[in-house]
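The next block holds one structure in the form of structure tokens; read it before the comments.
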Amino acid sequence: MASIAWFTVLINAAAAAVLALAAVLLYVVFYAIVLERRSWQNIIWGGLSGCMPVLIGGAAVTGSLEWAPVVLFLVIFFWTPAYYWPLSIQFRTDYTRAGVPMLPVVAGEIVVDRQVVLYTAATIATTLLLVPVAGTGWFYAGLVAAAGAWFLRDALRLYRRAPSRVRASRLR
């Protein structure tokens, strides 16, 4: 909690300190204590708390919550499951033994593959949303469109064929 006091005194209480407190509570209480071992949505909520530094940093710099950090928050939020669920396929046995209800443990690979495609598409959409919101320009737009197409191609390959440990690891 010293970090919250630090933000309040040296940065700004209205934005950065409140967001930092929300991030700590979201991660420590809601994710780590309540959801991590109880819900397949653990990676979604854990990822949500992992996105908070973008909002905190934006609020610390500007003193308010602006659209560019919110969109960047969404990029990271949608990317996290798209990145992590293929990895969790590889470690499904370990998660099962540990009693952690990751999506591949409770729903199977086809459901995971479908979710990865959906979250990948959302990731691409939000990365492109930064063009008008943050004025990133055409070079950025072209670069993220190409990278997004590559990411989506691999997600669709994962969906079309029964995943293997090797193919699942390609999305990391």
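In the structure tokens, each chain is lettered A, B, ... as it comes, each chain's residues begin at 1, and ligands are numbered from 1 in order of appearance.
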
Got a sec: who's within 9 Å of segment 17-23 of chain A, counting only C-alpha atoms, leaving out chain neighbours fewer than 2 positions off, as JSON, numbers by chain? {"A": [1, 3, 4, 5, 6, 7, 8, 9, 11, 12, 13, 14, 15, 25, 26, 27, 28, 48, 49, 50, 51, 52, 53, 55, 56, 59, 60]}

Please save N, CA and C atoms of the selected residues as a tab-separated table (two decimals), in the first residue's frame.
```tsv
chain	number	residue	atom	x	y	z
A	1	MET	N	0.80	-1.20	0.00
A	1	MET	CA	0.00	0.00	0.00
A	1	MET	C	0.85	1.27	0.00
A	3	SER	N	2.83	2.04	-2.28
A	3	SER	CA	2.78	2.57	-3.64
A	3	SER	C	1.57	3.48	-3.84
A	4	ILE	N	0.46	3.15	-3.22
A	4	ILE	CA	-0.74	3.99	-3.33
A	4	ILE	C	-0.49	5.34	-2.67
A	5	ALA	N	0.13	5.32	-1.51
A	5	ALA	CA	0.47	6.58	-0.84
A	5	ALA	C	1.43	7.39	-1.69
A	6	TRP	N	2.40	6.73	-2.28
A	6	TRP	CA	3.38	7.38	-3.15
A	6	TRP	C	2.67	8.06	-4.32
A	7	PHE	N	1.78	7.34	-4.98
A	7	PHE	CA	1.02	7.92	-6.09
A	7	PHE	C	0.18	9.11	-5.63
A	8	THR	N	-0.46	8.97	-4.49
A	8	THR	CA	-1.33	10.03	-3.98
A	8	THR	C	-0.56	11.31	-3.73
A	9	VAL	N	0.60	11.19	-3.08
A	9	VAL	CA	1.38	12.36	-2.71
A	9	VAL	C	2.15	12.94	-3.88
A	11	ILE	N	2.13	11.90	-7.40
A	11	ILE	CA	1.61	11.90	-8.77
A	11	ILE	C	0.26	12.61	-8.79
A	12	ASN	N	-0.81	11.87	-8.58
A	12	ASN	CA	-2.13	12.49	-8.42
A	12	ASN	C	-3.11	11.48	-7.86
A	13	ALA	N	-3.87	11.90	-6.90
A	13	ALA	CA	-4.78	11.00	-6.20
A	13	ALA	C	-5.99	10.65	-7.04
A	14	ALA	N	-6.47	11.61	-7.78
A	14	ALA	CA	-7.72	11.41	-8.51
A	14	ALA	C	-7.63	10.32	-9.55
A	15	ALA	N	-6.52	10.20	-10.20
A	15	ALA	CA	-6.44	9.24	-11.30
A	15	ALA	C	-5.50	8.09	-11.01
A	25	LEU	N	-6.18	-4.37	-5.75
A	25	LEU	CA	-7.34	-5.12	-5.26
A	25	LEU	C	-7.82	-6.15	-6.28
A	26	LEU	N	-7.83	-5.75	-7.53
A	26	LEU	CA	-8.26	-6.66	-8.60
A	26	LEU	C	-7.35	-7.88	-8.67
A	27	TYR	N	-6.06	-7.66	-8.59
A	27	TYR	CA	-5.12	-8.78	-8.70
A	27	TYR	C	-5.08	-9.62	-7.43
A	28	VAL	N	-4.82	-8.97	-6.31
A	28	VAL	CA	-4.59	-9.72	-5.07
A	28	VAL	C	-5.87	-10.38	-4.57
A	48	LEU	N	-6.79	-8.76	-16.96
A	48	LEU	CA	-7.38	-7.44	-16.72
A	48	LEU	C	-6.53	-6.64	-15.73
A	49	SER	N	-6.12	-7.29	-14.67
A	49	SER	CA	-5.27	-6.58	-13.70
A	49	SER	C	-3.90	-6.29	-14.29
A	50	GLY	N	-3.43	-7.15	-15.20
A	50	GLY	CA	-2.14	-6.93	-15.85
A	50	GLY	C	-2.13	-5.78	-16.83
A	51	CYS	N	-3.31	-5.36	-17.27
A	51	CYS	CA	-3.42	-4.22	-18.19
A	51	CYS	C	-3.44	-2.87	-17.48
A	52	MET	N	-3.67	-2.89	-16.20
A	52	MET	CA	-3.85	-1.65	-15.45
A	52	MET	C	-2.66	-0.69	-15.50
A	53	PRO	N	-1.41	-1.16	-15.58
A	53	PRO	CA	-0.30	-0.19	-15.64
A	53	PRO	C	-0.41	0.81	-16.80
A	55	LEU	N	-3.21	2.15	-17.93
A	55	LEU	CA	-4.13	3.20	-17.46
A	55	LEU	C	-3.48	4.05	-16.38
A	56	ILE	N	-2.77	3.41	-15.47
A	56	ILE	CA	-2.10	4.13	-14.38
A	56	ILE	C	-1.07	5.11	-14.96
A	59	ALA	N	-2.80	8.00	-16.74
A	59	ALA	CA	-3.38	8.93	-15.76
A	59	ALA	C	-2.30	9.71	-15.03
A	60	ALA	N	-1.16	9.08	-14.76
A	60	ALA	CA	-0.07	9.77	-14.07
A	60	ALA	C	0.50	10.89	-14.93
```

Who sits within 9 Å of segment 136-147 of chain A, only C-alpha atoms, same chain under 6 positions skipped, as an MDAnalysis selection string: chainID A and resid 124 127:128 130

Find the residues around Leu103 of chain A up to 7 Å (only C-alpha atoms counted), leave out those fewer than 4 positions away in its own chain, and share them as a PyMOL selection string. chain A and resi 40+107+112

What lies within 7 Å of Arg114 of chain A using only C-alpha atoms, ignoring chain neighbours under 4 positions off, as a list in words? Ile110, Leu118 and Tyr159 of chain A

Export N, CA, C and O atoms of the chosen residues as a short mmCIF file (atom, residue, chain, number, x, y, z; two decimals), in the first residue's frame?
```cif
data_model
loop_
_atom_site.label_atom_id
_atom_site.label_comp_id
_atom_site.auth_asym_id
_atom_site.auth_seq_id
_atom_site.Cartn_x
_atom_site.Cartn_y
_atom_site.Cartn_z
N ILE A 110 -11.01 -27.62 -28.80
CA ILE A 110 -11.80 -26.94 -29.84
C ILE A 110 -12.37 -25.63 -29.30
O ILE A 110 -12.33 -24.60 -29.98
N LEU A 118 -11.27 -15.70 -31.70
CA LEU A 118 -12.08 -14.51 -31.35
C LEU A 118 -11.24 -13.44 -30.65
O LEU A 118 -11.33 -12.25 -30.99
N TYR A 159 -7.12 -23.56 -34.97
CA TYR A 159 -8.53 -23.91 -34.95
C TYR A 159 -8.86 -25.01 -35.97
O TYR A 159 -9.64 -25.91 -35.69
#
```

Which of chain A counts as alpha helix (DSSP H) under DSSP, as number ranges by chain please? A: 2-6, 18-24, 42-62, 67-90, 92-98, 103-106, 109-134, 138-160, 165-170

What gap, in Å, lies between atom CA of Gly63 of chain A and atom CA of Gly47 of chain A?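 Pair atom CA of Gly63 of chain A / atom CA of Gly47 of chain A returns 24.1 Å.
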
Mind giving me the straight-line distance from atom CA of Trp45 of chain A to atom CA of Thr120 of chain A in Å, one decimal? 17.0 Å

Between A:Gly57, A:Pro86, A:Pro81, A:Pro101, which has the minimum distance to Ala122 of chain A (counting only C-alpha atoms)?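 Of the candidates, the smallest distance to Ala122 of chain A is held by A:Pro81.
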